[in-house]
>>> print(open('start.txt').read())   # compact mmCIF, C-alpha atoms
# COMPACT_ATOMS: atom_id res chain seq x y z
CA MET A 914 -12.44 -24.04 38.90
CA PRO A 915 -16.11 -23.33 39.78
CA LEU A 916 -18.39 -26.34 40.26
CA PHE A 917 -22.18 -26.51 40.51
CA CYS A 918 -24.34 -29.51 41.31
CA CYS A 919 -27.78 -29.00 39.80
CA TYR A 920 -30.62 -31.48 39.16
CA ARG A 921 -28.30 -34.47 39.61
CA TYR A 922 -25.75 -33.06 37.16
CA LEU A 923 -22.30 -31.69 37.91
CA PHE A 924 -21.31 -28.57 35.93
CA TRP A 925 -17.87 -26.97 35.63
CA VAL A 926 -15.78 -24.79 33.32
CA GLN A 927 -12.18 -25.15 32.27
CA GLN A 928 -9.81 -23.17 30.05
CA GLY A 929 -7.33 -24.14 27.37
CA GLU A 930 -7.49 -26.29 24.26
CA ASP A 931 -10.43 -28.34 25.56
CA GLY A 932 -11.96 -25.39 27.37
CA GLY A 933 -15.65 -24.88 27.79
CA LEU A 934 -18.67 -25.63 29.96
CA TYR A 935 -19.00 -29.28 30.96
CA ARG A 936 -21.84 -31.38 32.32
CA LEU A 937 -21.59 -34.77 33.97
CA ASP A 938 -24.48 -36.97 35.06
CA LEU A 939 -23.88 -38.03 38.66
CA ALA A 940 -25.08 -41.51 37.69
CA ASP A 941 -21.94 -41.82 35.54
CA LEU A 942 -19.62 -41.42 38.52
CA SER A 943 -17.93 -44.38 40.15
CA ASP A 944 -15.51 -44.78 43.04
CA HIS A 945 -12.68 -44.28 40.54
CA GLY A 946 -14.01 -41.11 38.86
CA PRO A 947 -15.99 -40.54 35.64
CA ILE A 948 -16.87 -43.63 33.65
CA ASN A 949 -16.59 -41.76 30.33
CA ASN A 950 -14.16 -39.14 29.04
CA PRO A 951 -15.35 -35.72 30.33
CA VAL A 952 -14.84 -34.19 26.87
CA HIS A 953 -18.01 -36.03 25.79
CA PHE A 954 -20.00 -33.89 28.19
CA ARG A 955 -18.84 -30.49 26.93
CA ILE A 956 -22.04 -28.56 26.22
CA VAL A 957 -20.44 -25.19 25.28
CA SER A 958 -16.97 -24.71 23.79
CA GLY A 959 -14.73 -21.79 24.73
CA ASP A 960 -11.06 -21.51 25.68
CA GLN A 961 -11.56 -18.47 27.97
CA MET A 962 -14.48 -19.56 30.13
CA THR A 963 -13.76 -18.72 33.76
CA ALA A 964 -17.07 -18.55 35.64
CA PHE A 965 -20.78 -19.28 35.46
CA THR A 966 -23.92 -19.33 37.57
CA VAL A 967 -27.17 -21.28 37.40
CA ASP A 968 -30.68 -19.88 37.00
CA TYR A 969 -32.43 -22.78 38.73
CA PRO A 970 -36.11 -21.87 38.12
CA ASN A 971 -35.53 -21.45 34.37
CA PHE A 972 -33.09 -24.37 33.93
CA ARG A 973 -30.46 -22.10 32.37
CA ILE A 974 -26.78 -21.31 32.87
CA PHE A 975 -25.31 -17.80 32.62
CA PHE A 976 -21.65 -17.28 31.74
CA PRO A 977 -19.55 -14.33 30.47
CA ASP A 978 -18.17 -14.18 26.95
CA GLU A 979 -14.96 -12.13 26.75
CA THR A 980 -15.02 -11.98 22.94
CA ARG A 981 -18.46 -10.38 22.87
CA ASN A 982 -17.98 -8.63 26.23
CA SER A 983 -21.45 -9.87 27.02
CA LEU A 984 -23.43 -12.42 28.98
CA MET A 985 -24.48 -15.72 27.44
CA SER A 986 -27.27 -18.07 28.45
CA VAL A 987 -27.84 -21.72 27.62
CA TYR A 988 -30.14 -24.51 28.78
CA LEU A 989 -28.71 -27.15 31.10
CA ASP A 990 -28.42 -29.54 28.15
CA GLY A 991 -26.46 -27.05 26.01
CA LYS A 992 -29.34 -26.03 23.74
CA ASP A 993 -30.62 -22.54 22.88
CA LEU A 994 -27.37 -20.60 23.32
CA ARG A 995 -28.14 -16.87 23.47
CA ASP A 996 -26.43 -13.52 23.92
CA ILE A 997 -28.79 -12.02 26.50
CA ARG A 998 -27.08 -8.67 27.15
CA GLN A 999 -26.88 -7.01 23.75
CA ASN A 1000 -28.85 -4.08 25.18
CA THR A 1001 -26.37 -3.23 27.94
CA GLN A 1002 -25.48 0.42 28.37
CA GLN A 1003 -21.85 -0.13 29.40
CA GLN A 1004 -21.33 -2.54 26.52
CA GLN A 1005 -22.37 0.14 24.04
CA VAL A 1006 -19.81 2.62 25.37
CA GLY A 1007 -16.99 0.06 25.22
CA SER A 1008 -16.62 -0.89 28.87
CA MET A 1009 -15.01 -4.33 29.32
CA GLN A 1010 -17.17 -5.49 32.22
CA PHE A 1011 -17.17 -9.19 31.33
CA VAL A 1012 -13.40 -9.66 30.99
CA ASP A 1013 -11.46 -11.85 33.45
CA VAL A 1014 -14.53 -12.70 35.54
CA HIS A 1015 -13.58 -14.88 38.51
CA SER A 1016 -16.99 -15.56 40.03
CA MET A 1017 -20.68 -14.93 39.39
CA ALA A 1018 -23.89 -15.14 41.41
CA LEU A 1019 -27.58 -14.63 40.69
CA TYR A 1020 -29.70 -13.39 43.58
CA ASP A 1021 -33.30 -12.20 43.43
CA GLY A 1022 -33.03 -11.74 39.68
CA ILE A 1023 -29.91 -9.54 39.92
CA LEU A 1024 -26.58 -10.71 38.55
CA TYR A 1025 -23.35 -10.03 40.49
CA TRP A 1026 -19.82 -10.78 39.32
CA THR A 1027 -16.23 -9.98 40.27
CA ASN A 1028 -12.78 -10.01 38.68
CA GLY A 1029 -11.09 -10.21 42.08
CA ARG A 1030 -10.59 -6.44 42.24
CA HIS A 1031 -14.06 -5.00 41.65
CA VAL A 1032 -17.59 -6.26 42.24
CA ASN A 1033 -20.22 -5.35 39.64
CA PHE A 1034 -23.96 -5.77 39.44
CA GLU A 1035 -26.62 -4.96 36.87
CA GLU A 1036 -29.98 -3.22 36.94
CA TYR A 1037 -32.71 -3.16 34.32
CA ASP A 1038 -34.01 0.24 33.21
CA PRO A 1039 -37.50 -0.33 31.72
CA ILE A 1040 -37.70 3.23 30.37
CA VAL A 1041 -34.85 2.75 27.89
CA ASN A 1042 -35.05 -1.08 27.84
CA GLN A 1043 -31.41 -1.47 28.83
CA TYR A 1044 -29.36 -3.23 31.47
CA VAL A 1045 -27.04 -0.88 33.33
CA HIS A 1046 -23.86 -2.16 34.93
CA ASN A 1047 -22.72 -0.61 38.18
CA GLU A 1048 -19.77 -1.15 40.47
CA VAL A 1049 -20.19 -1.95 44.15
CA PHE A 1050 -18.04 0.65 45.85
CA ILE A 1051 -16.25 0.09 49.13
CA ASP A 1052 -18.12 1.79 51.95
CA VAL A 1053 -16.78 5.07 53.29
CA PRO A 1054 -17.01 5.17 57.09
CA LEU A 1055 -18.92 7.91 58.87
CA MET A 1056 -17.00 7.37 62.11
CA PRO A 1057 -13.29 8.14 62.68
CA PRO A 1058 -10.72 5.46 63.53
CA LYS A 1059 -10.83 4.39 67.16
CA ASN A 1060 -8.25 3.81 69.91
CA LEU A 1061 -5.75 6.27 68.48
CA GLU A 1062 -2.44 6.12 70.36
CA ILE A 1063 0.66 8.28 69.87
CA LEU A 1064 4.07 7.50 71.33
CA PHE A 1065 6.43 10.51 71.17
CA SER A 1066 10.20 10.65 71.21
CA ASP A 1067 12.40 13.74 70.84
CA HIS A 1068 11.87 14.17 67.10
CA SER A 1069 9.40 11.47 66.05
CA ALA A 1070 6.01 10.01 66.84
CA LEU A 1071 4.58 6.52 66.40
CA LEU A 1072 0.84 6.52 65.69
CA SER A 1073 -1.42 3.48 65.84
CA TRP A 1074 -5.19 3.07 65.53
CA GLU A 1075 -7.98 0.60 64.86
CA PRO A 1076 -10.61 0.67 62.09
CA PRO A 1077 -13.84 2.59 62.77
CA ASP A 1078 -16.80 0.76 64.24
CA VAL A 1079 -18.90 -0.60 61.37
CA ASP A 1080 -21.71 -3.12 61.60
CA GLN A 1081 -20.24 -5.16 58.75
CA GLY A 1082 -17.71 -7.88 58.09
CA ARG A 1083 -13.99 -7.32 57.73
CA GLY A 1084 -14.39 -7.24 53.95
CA ALA A 1085 -16.10 -3.85 54.29
CA TRP A 1086 -12.96 -2.12 55.55
CA HIS A 1087 -9.85 -4.19 54.83
CA ASP A 1088 -9.05 -2.13 51.69
CA TRP A 1089 -9.57 1.29 53.25
CA LEU A 1090 -6.78 3.85 52.93
CA TYR A 1091 -5.97 6.29 55.73
CA GLU A 1092 -4.31 9.70 55.79
CA VAL A 1093 -2.57 11.62 58.56
CA GLU A 1094 -2.14 15.40 58.60
CA GLU A 1095 0.75 17.05 60.43
CA VAL A 1096 -0.06 20.58 61.60
CA ASN A 1097 2.82 22.93 62.41
CA HIS A 1098 1.90 26.01 64.44
CA HIS A 1099 5.20 27.78 63.74
CA THR A 1100 6.81 28.44 60.37
CA SER A 1101 7.06 25.10 58.55
CA PRO A 1102 4.22 24.10 56.20
CA ASP A 1103 1.78 21.41 57.23
CA GLY A 1104 2.38 17.86 56.01
CA MET A 1105 0.06 15.14 54.77
CA THR A 1106 0.69 11.41 54.50
CA SER A 1107 -1.89 9.66 52.32
CA ASN A 1108 -2.70 6.16 51.05
CA ILE A 1109 -1.77 4.44 54.32
CA THR A 1110 -2.79 0.80 54.04
CA GLY A 1111 -1.97 -0.31 57.59
CA HIS A 1112 -2.99 0.87 61.03
CA SER A 1113 0.21 2.57 62.13
CA LEU A 1114 2.57 5.31 60.97
CA GLN A 1115 5.89 6.70 62.18
CA VAL A 1116 6.30 10.45 61.68
CA MET A 1117 9.87 11.72 61.63
CA ASN A 1118 11.65 15.09 61.89
CA LEU A 1119 9.27 16.66 64.37
CA MET A 1120 10.19 19.89 66.11
CA PRO A 1121 9.59 20.20 69.87
CA ASP A 1122 7.61 23.16 71.24
>>> encode(input="start.txt", output="structure tokens")
Amino acid sequence: MPLFCCYRYLFWVQQGEDGGLYRLDLADLSDHGPINNPVHFRIVSGDQMTAFTVDYPNFRIFFPDETRNSLMSVYLDGKDLRDIRQNTQQQQVGSMQFVDVHSMALYDGILYWTNGRHVNFEEYDPIVNQYVHNEVFIDVPLMPPKNLEILFSDHSALLSWEPPDVDQGRGAWHDWLYEVEEVNHHTSPDGMTSNITGHSLQVMNLMPD
């Protein structure tokens, strides 16, 4: 459950029958928890709210709306609820970008969000007056894997390697897939093993020279 502390208020979302966006004044907290029932502080109702982010300079909260497949905005006190992405290109072609959002962030005026599998961001196109949603793709390395080692037996080989050198965190390469090509210089056709998720592979049924 995401939590934000903003201007001496605590904000959170929850799902279910009493789902929605909640606000709690930190002055109403005691050593034993909230003084009042948290349902009294629900500023937006919604049984499928999963994430939100705060626009601090403008005192507003952004959160996705699965029903509209759009982005909503509301003041910190729950007033002036708006659909602020009706002019989104992907929304018009039926893309479900705002479904099952796990986390959101607003940085330098650009909104980022993820469903745990893909990371998306938006850009504003002033020529057509539309927001365009794009996916952040996993980087493709320019360098080959390093420290390749091959241990041969009579009819098999055990290959192992390490990820290429990249000046990024582990999150940049932990979902990469590898492929290994087997080249036969005699009569048998070449072989290809694709979609390797680890850093090792055992190749069987090799023919000695």
>>> atom_distance(input="start.txt", atom1="CA of Val1116 (chain A)", atom2="CA of Asp1078 (chain A)")
25.2 Å
>>> closest_residue(input="start.txt", among="A:Pro1121, A:Pro970, A:Gly932, A:Pro977", to="Ala1070 (chain A)", atoms="only C-alpha atoms")
A:Pro1121
>>> atom_distance(input="start.txt", atom1="CA of Ile956 (chain A)", atom2="CA of Ser1016 (chain A)")
19.6 Å
>>> residues_near_point(input="start.txt", point="(0.6, 8.9, 52.3)", cutoff="8 Å", atoms="all atoms listed in the file", output="list in words")
Tyr1091, Glu1092, Val1093, Met1105, Thr1106, Ser1107, Asn1108 and Ile1109 of chain A
>>> residues_near_point(input="start.txt", point="(-22.1, -3.3, 41.1)", cutoff="9 Å", atoms="all atoms listed in the file", output="VMD selection string")
chain A and resid 1025 to 1027 1031 to 1036 1046 to 1050
>>> residues_around(input="start.txt", residues="Asp968 (chain A)", least_positions_apart="4", cutoff="12 Å", atoms="only C-alpha atoms", output="list in words")
Phe917, Cys919, Tyr920, Phe972, Arg973, Ile974, Phe975, Phe976, Ser986, Val987, Tyr988, Leu989, Met1017, Ala1018, Leu1019, Tyr1020, Asp1021, Gly1022, Ile1023 and Leu1024 of chain A
>>> closest_residue(input="start.txt", among="A:Asp996, A:Asp941, A:Glu1094, A:Asp931", to="Arg955 (chain A)", atoms="all atoms listed in the file")
A:Asp931
>>> closest_residue(input="start.txt", among="A:Met1056, A:Leu994, A:Met1117, A:Val1012", to="Asp978 (chain A)", atoms="only C-alpha atoms")
A:Val1012
>>> closest_residue(input="start.txt", among="A:Val1079, A:Leu939, A:Leu1072, A:Ala964", to="Glu1095 (chain A)", atoms="all atoms listed in the file")
A:Leu1072
>>> closest_residue(input="start.txt", among="A:Arg981, A:His1068, A:Lys992, A:His1015", to="Gln1115 (chain A)", atoms="all atoms listed in the file")
A:His1068
